[in-house]
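Q: This is the content of target-v9.txt (compact mmCIF, C-alpha atoms):
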# COMPACT_ATOMS: atom_id res chain seq x y z
CA MET Q 1 16.93 -7.83 -11.62
CA THR Q 2 14.51 -7.89 -14.56
CA THR Q 3 10.97 -6.67 -14.12
CA SER Q 4 9.66 -10.21 -14.63
CA GLU Q 5 11.41 -11.20 -11.39
CA ARG Q 6 9.80 -8.57 -9.19
CA ARG Q 7 7.51 -10.99 -7.38
CA ALA Q 8 7.28 -12.16 -3.78
CA THR Q 9 5.24 -14.56 -1.68
CA VAL Q 10 4.94 -13.80 2.03
CA THR Q 11 3.07 -15.73 4.71
CA ARG Q 12 2.43 -14.69 8.30
CA ASP Q 13 0.83 -16.81 11.00
CA THR Q 14 0.15 -15.34 14.45
CA GLY Q 15 -2.44 -15.77 17.18
CA GLU Q 16 -4.43 -12.97 15.54
CA THR Q 17 -4.18 -13.58 11.78
CA GLU Q 18 -3.11 -16.12 9.18
CA ILE Q 19 -2.13 -14.46 5.89
CA ASP Q 20 -0.90 -15.71 2.53
CA CYS Q 21 0.11 -13.08 -0.03
CA THR Q 22 1.66 -13.19 -3.48
CA LEU Q 23 2.52 -9.86 -5.12
CA THR Q 24 3.80 -9.17 -8.61
CA VAL Q 25 4.95 -5.57 -8.94
CA ASP Q 26 4.84 -5.55 -12.75
CA GLY Q 27 1.41 -7.03 -13.30
CA ASP Q 28 -1.81 -6.09 -15.04
CA GLY Q 29 -3.88 -5.22 -11.99
CA SER Q 30 -5.53 -8.57 -11.35
CA ALA Q 31 -6.53 -9.32 -7.77
CA THR Q 32 -7.97 -12.20 -5.79
CA VAL Q 33 -8.53 -10.97 -2.25
CA ASP Q 34 -10.39 -12.34 0.77
CA THR Q 35 -9.91 -10.70 4.17
CA GLY Q 36 -13.40 -11.18 5.56
CA ILE Q 37 -14.01 -7.40 5.44
CA GLY Q 38 -15.96 -6.42 2.34
CA PHE Q 39 -14.83 -2.80 2.10
CA PHE Q 40 -11.19 -3.75 2.73
CA ASP Q 41 -11.36 -6.34 -0.06
CA HIS Q 42 -12.74 -3.59 -2.30
CA MET Q 43 -9.87 -1.27 -1.36
CA LEU Q 44 -7.16 -3.89 -1.91
CA THR Q 45 -8.69 -4.79 -5.28
CA ALA Q 46 -8.71 -1.10 -6.25
CA PHE Q 47 -5.11 -0.78 -5.02
CA ALA Q 48 -4.01 -3.65 -7.27
CA ARG Q 49 -6.05 -2.43 -10.25
CA HIS Q 50 -4.83 1.16 -10.16
CA GLY Q 51 -1.22 0.25 -9.35
CA LEU Q 52 -1.12 -2.50 -12.01
CA PHE Q 53 0.03 -4.95 -9.35
CA ASP Q 54 -1.06 -8.57 -9.39
CA LEU Q 55 -2.23 -9.53 -5.92
CA GLU Q 56 -3.35 -12.80 -4.42
CA LEU Q 57 -4.15 -12.38 -0.73
CA GLU Q 58 -6.09 -14.37 1.82
CA CYS Q 59 -6.42 -13.47 5.49
CA ASP Q 60 -8.15 -15.36 8.28
CA GLY Q 61 -8.26 -12.90 11.16
CA ASP Q 62 -9.89 -12.41 14.56
CA LEU Q 63 -12.77 -10.34 13.22
CA GLU Q 64 -14.86 -11.34 16.22
CA ILE Q 65 -12.75 -8.74 18.07
CA ASP Q 66 -12.59 -5.98 15.45
CA ASP Q 67 -10.91 -5.15 12.14
CA HIS Q 68 -7.64 -3.77 13.54
CA HIS Q 69 -5.45 -6.88 13.48
CA THR Q 70 -6.63 -7.92 10.02
CA VAL Q 71 -5.99 -4.55 8.39
CA GLU Q 72 -2.68 -3.95 10.17
CA ASP Q 73 -1.31 -7.43 9.52
CA VAL Q 74 -2.33 -7.40 5.85
CA ALA Q 75 -0.43 -4.10 5.49
CA ILE Q 76 2.59 -5.63 7.23
CA VAL Q 77 2.58 -8.61 4.87
CA LEU Q 78 1.93 -6.52 1.75
CA GLY Q 79 4.68 -4.08 2.71
CA SER Q 80 7.08 -6.98 3.29
CA ALA Q 81 6.14 -8.38 -0.12
CA PHE Q 82 6.95 -5.05 -1.80
CA ASP Q 83 10.25 -4.88 0.04
CA GLU Q 84 11.20 -8.42 -1.02
CA ALA Q 85 9.97 -8.04 -4.61
CA LEU Q 86 11.90 -4.80 -5.15
CA GLY Q 87 15.16 -6.36 -3.92
CA ASP Q 88 18.04 -3.87 -4.07
CA ARG Q 89 15.74 -1.37 -5.84
CA ALA Q 90 18.28 -0.85 -8.59
CA GLY Q 91 17.06 1.28 -11.45
CA ILE Q 92 13.76 2.38 -9.93
CA VAL Q 93 12.39 5.90 -10.35
CA ARG Q 94 12.22 6.11 -6.51
CA TYR Q 95 10.13 9.30 -6.05
CA ALA Q 96 6.52 9.93 -7.04
CA ASP Q 97 3.45 11.90 -6.07
CA ARG Q 98 -0.20 11.58 -7.00
CA ARG Q 99 -3.34 13.55 -6.27
CA VAL Q 100 -6.50 11.53 -6.81
CA PRO Q 101 -10.10 12.78 -6.53
CA LEU Q 102 -13.25 10.79 -5.92
CA ASP Q 103 -16.26 13.04 -6.17
CA GLU Q 104 -15.87 15.61 -3.36
CA ALA Q 105 -12.89 13.85 -1.77
CA VAL Q 106 -9.22 14.28 -2.68
CA ALA Q 107 -6.22 12.28 -1.51
CA ASP Q 108 -2.58 13.28 -1.85
CA VAL Q 109 0.34 10.87 -1.64
CA VAL Q 110 4.05 11.63 -1.94
CA VAL Q 111 6.36 8.64 -1.72
CA ASP Q 112 10.09 7.96 -1.61
CA VAL Q 113 10.95 4.28 -1.99
CA SER Q 114 13.96 5.07 0.12
CA GLY Q 115 14.46 2.08 2.36
CA ARG Q 116 13.95 4.49 5.28
CA PRO Q 117 10.44 4.07 6.70
CA ARG Q 118 8.68 7.25 7.77
CA PHE Q 119 5.01 8.20 7.71
CA TYR Q 120 3.13 11.50 7.93
CA PHE Q 121 -0.61 12.01 7.52
CA ASP Q 122 -2.86 15.06 7.33
CA GLY Q 123 -6.62 14.89 7.51
CA THR Q 124 -9.49 13.10 9.20
CA PHE Q 125 -12.21 10.82 7.89
CA SER Q 126 -15.70 12.26 7.83
CA GLN Q 127 -17.44 9.19 9.30
CA ASP Q 128 -16.07 6.67 11.79
CA GLN Q 129 -17.21 3.52 9.97
CA ILE Q 130 -17.51 2.30 6.38
CA GLY Q 131 -19.52 -0.87 6.75
CA GLU Q 132 -17.43 -3.17 8.95
CA PHE Q 133 -14.27 -1.15 8.23
CA THR Q 134 -13.10 1.45 10.74
CA SER Q 135 -12.31 4.53 8.66
CA ASP Q 136 -9.07 5.44 10.43
CA MET Q 137 -7.71 2.01 9.56
CA ALA Q 138 -7.14 3.39 6.05
CA ARG Q 139 -4.55 5.72 7.56
CA HIS Q 140 -3.11 2.92 9.67
CA PHE Q 141 -2.91 0.65 6.60
CA ALA Q 142 -0.82 3.26 4.78
CA GLU Q 143 1.41 3.67 7.83
CA SER Q 144 1.98 -0.07 8.33
CA LEU Q 145 2.63 -0.53 4.61
CA ALA Q 146 5.22 2.26 4.67
CA MET Q 147 6.98 0.87 7.74
CA ASN Q 148 7.33 -2.60 6.21
CA ALA Q 149 8.00 -1.65 2.59
CA GLY Q 150 10.69 0.86 3.53
CA LEU Q 151 8.84 3.93 2.27
CA THR Q 152 8.94 7.55 3.29
CA LEU Q 153 5.27 8.35 2.81
CA HIS Q 154 3.38 11.62 3.16
CA ALA Q 155 -0.38 11.33 2.69
CA GLY Q 156 -3.53 13.32 3.30
CA VAL Q 157 -7.26 13.36 2.63
CA THR Q 158 -10.06 15.91 2.46
CA GLY Q 159 -13.73 15.41 1.75
CA GLU Q 160 -17.18 14.83 3.19
CA ASN Q 161 -17.65 11.08 2.75
CA ALA Q 162 -15.36 8.55 4.41
CA HIS Q 163 -15.88 5.94 1.69
CA HIS Q 164 -14.70 8.42 -0.93
CA GLU Q 165 -11.82 9.63 1.23
CA ALA Q 166 -10.49 6.14 1.95
CA GLU Q 167 -10.90 4.97 -1.64
CA ALA Q 168 -9.10 8.04 -2.99
CA LEU Q 169 -6.27 7.34 -0.53
CA PHE Q 170 -5.86 3.72 -1.62
CA LYS Q 171 -5.90 4.75 -5.29
CA ALA Q 172 -3.41 7.59 -4.80
CA LEU Q 173 -1.14 5.23 -2.89
CA ALA Q 174 -1.37 2.69 -5.70
CA ARG Q 175 -0.67 5.18 -8.47
CA SER Q 176 2.28 6.74 -6.65
CA LEU Q 177 3.81 3.34 -5.88
CA ASP Q 178 3.38 2.28 -9.50
CA ASP Q 179 5.21 5.42 -10.62
CA ALA Q 180 7.98 5.21 -8.01
CA THR Q 181 8.74 1.49 -8.47
CA ARG Q 182 9.00 1.62 -12.25
CA VAL Q 183 12.37 0.79 -13.72
CA ASP Q 184 14.07 3.71 -15.50
CA GLU Q 185 16.10 2.13 -18.29
CA ARG Q 186 18.47 5.13 -18.27
CA ARG Q 187 19.55 4.41 -14.72
CA GLU Q 188 22.12 1.90 -13.53
CA GLY Q 189 22.21 0.86 -9.90
CA ALA Q 190 20.37 2.42 -7.00
CA PRO Q 191 18.97 5.96 -7.40
CA SER Q 192 21.12 7.30 -4.57
CA THR Q 193 24.46 9.10 -4.35
CA LYS Q 194 25.52 6.65 -1.63
CA GLY Q 195 24.99 3.74 -4.02
CA THR Q 196 22.35 1.81 -2.09
CA LEU Q 197 18.79 2.11 -0.83
CA THR Q 198 18.88 -0.99 1.35
CA GLU Q 199 21.41 -0.08 4.06
In structure tokens, how does this file's structure come out?

A:
Amino acid sequence: MTTSERRATVTRDTGETEIDCTLTVDGDGSATVDTGIGFFDHMLTAFARHGLFDLELECDGDLEIDDHHTVEDVAIVLGSAFDEALGDRAGIVRYADRRVPLDEAVADVVVDVSGRPRFYFDGTFSQDQIGEFTSDMARHFAESLAMNAGLTLHAGVTGENAHHEAEALFKALARSLDDATRVDERREGAPSTKGTLTE
């Protein structure tokens, strides 16, 4: 697989959300996003920009209830798009970690693009809400992304401002995924002694 082929389009239509997503792993960071939640759009745009992913995403969700289904389902679709775009994951770096500050807040992300979904999180958000976005949904976004992209993901946040904490988390996640999904030209096949990351 050449890097120019690492692209996927995923759609998901349920009684709670309708989502269309196109992801290019090796992009330039351009994003066109509309989820109906201003802060979430801001976070997804930052995620694309700092990960150098191209992202087109539109979600029509049941926001009259709350933000949970929209955020969770977008993460499911985006994770599925990463999984599809990466294919057999041949040649990728696989492991990465990033520590990203935003003013007083710091987020840490360690990722293994392993094909084995696991998620661990340390920290709490300092305020419950960021506009119409429930702060803990930033953690749940990372978890749902990991489960559907096949990532082992350890993440954590500290700080005093939930906006800063969530934004640092999205940026650290983006930077670590950019690092881990890069193709290492020295490597042939999957970065695993068993020869595969997809079984």

Q: Near Arg49 of chain Q, counting all atoms listed in the file, which residues have an atom at most 9 Å away, once you skip same-chain residues fewer than 3 positions from it, shown as a list in words?

A: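 These residues fall inside the cut-off: Asp28, Gly29, Ser30, Ala31, Leu44, Thr45, Ala46, Leu52, Phe53, Asp54, Lys171 and Ala174 of chain Q.
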
Q: Generate the output file for the selected residues, C-alpha atoms, as a CSV table (one decimal), keeping the file's coordinate frame.

A:
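Writing the result to again.csv gives the following:
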chain,number,residue,atom,x,y,z
Q,28,ASP,CA,-1.8,-6.1,-15.0
Q,29,GLY,CA,-3.9,-5.2,-12.0
Q,30,SER,CA,-5.5,-8.6,-11.4
Q,31,ALA,CA,-6.5,-9.3,-7.8
Q,44,LEU,CA,-7.2,-3.9,-1.9
Q,45,THR,CA,-8.7,-4.8,-5.3
Q,46,ALA,CA,-8.7,-1.1,-6.2
Q,52,LEU,CA,-1.1,-2.5,-12.0
Q,53,PHE,CA,0.0,-5.0,-9.4
Q,54,ASP,CA,-1.1,-8.6,-9.4
Q,171,LYS,CA,-5.9,4.8,-5.3
Q,174,ALA,CA,-1.4,2.7,-5.7

Q: Identify which of the residues Q:Val71, Q:Ser80, Q:Glu5, Q:Leu169 lies closest to Gly38 of chain Q, counting only C-alpha atoms when measuring atom-to-atom distances.

A: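 Of the candidates, the smallest distance to Gly38 of chain Q is held by Q:Val71.
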
Q: Atom CA of Val106 of chain Q and atom CA of Thr124 of chain Q are how many Å apart?

A: 11.9 Å

Q: Which residues are close to Leu86 of chain Q, i.e. within 8 Å by only C-alpha atoms, leaving aside same-chain residues fewer than 3 positions away? Reply as number ranges by chain.

A: Q: 6-7, 25, 82-83, 89, 181

Q: Under the rule that all atoms listed in the file are counted, which of Q:Gly131, Q:Gly27, Q:Gly150, Q:Gly51 is the nearest residue to Asp178 of chain Q?

A: Q:Gly51

Q: To one decimal place, how far is atom CA of Thr158 of chain Q from atom CA of Gly123 of chain Q in Å?

A: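 Going from atom CA of Thr158 of chain Q over to atom CA of Gly123 of chain Q, I get 6.2 Å.
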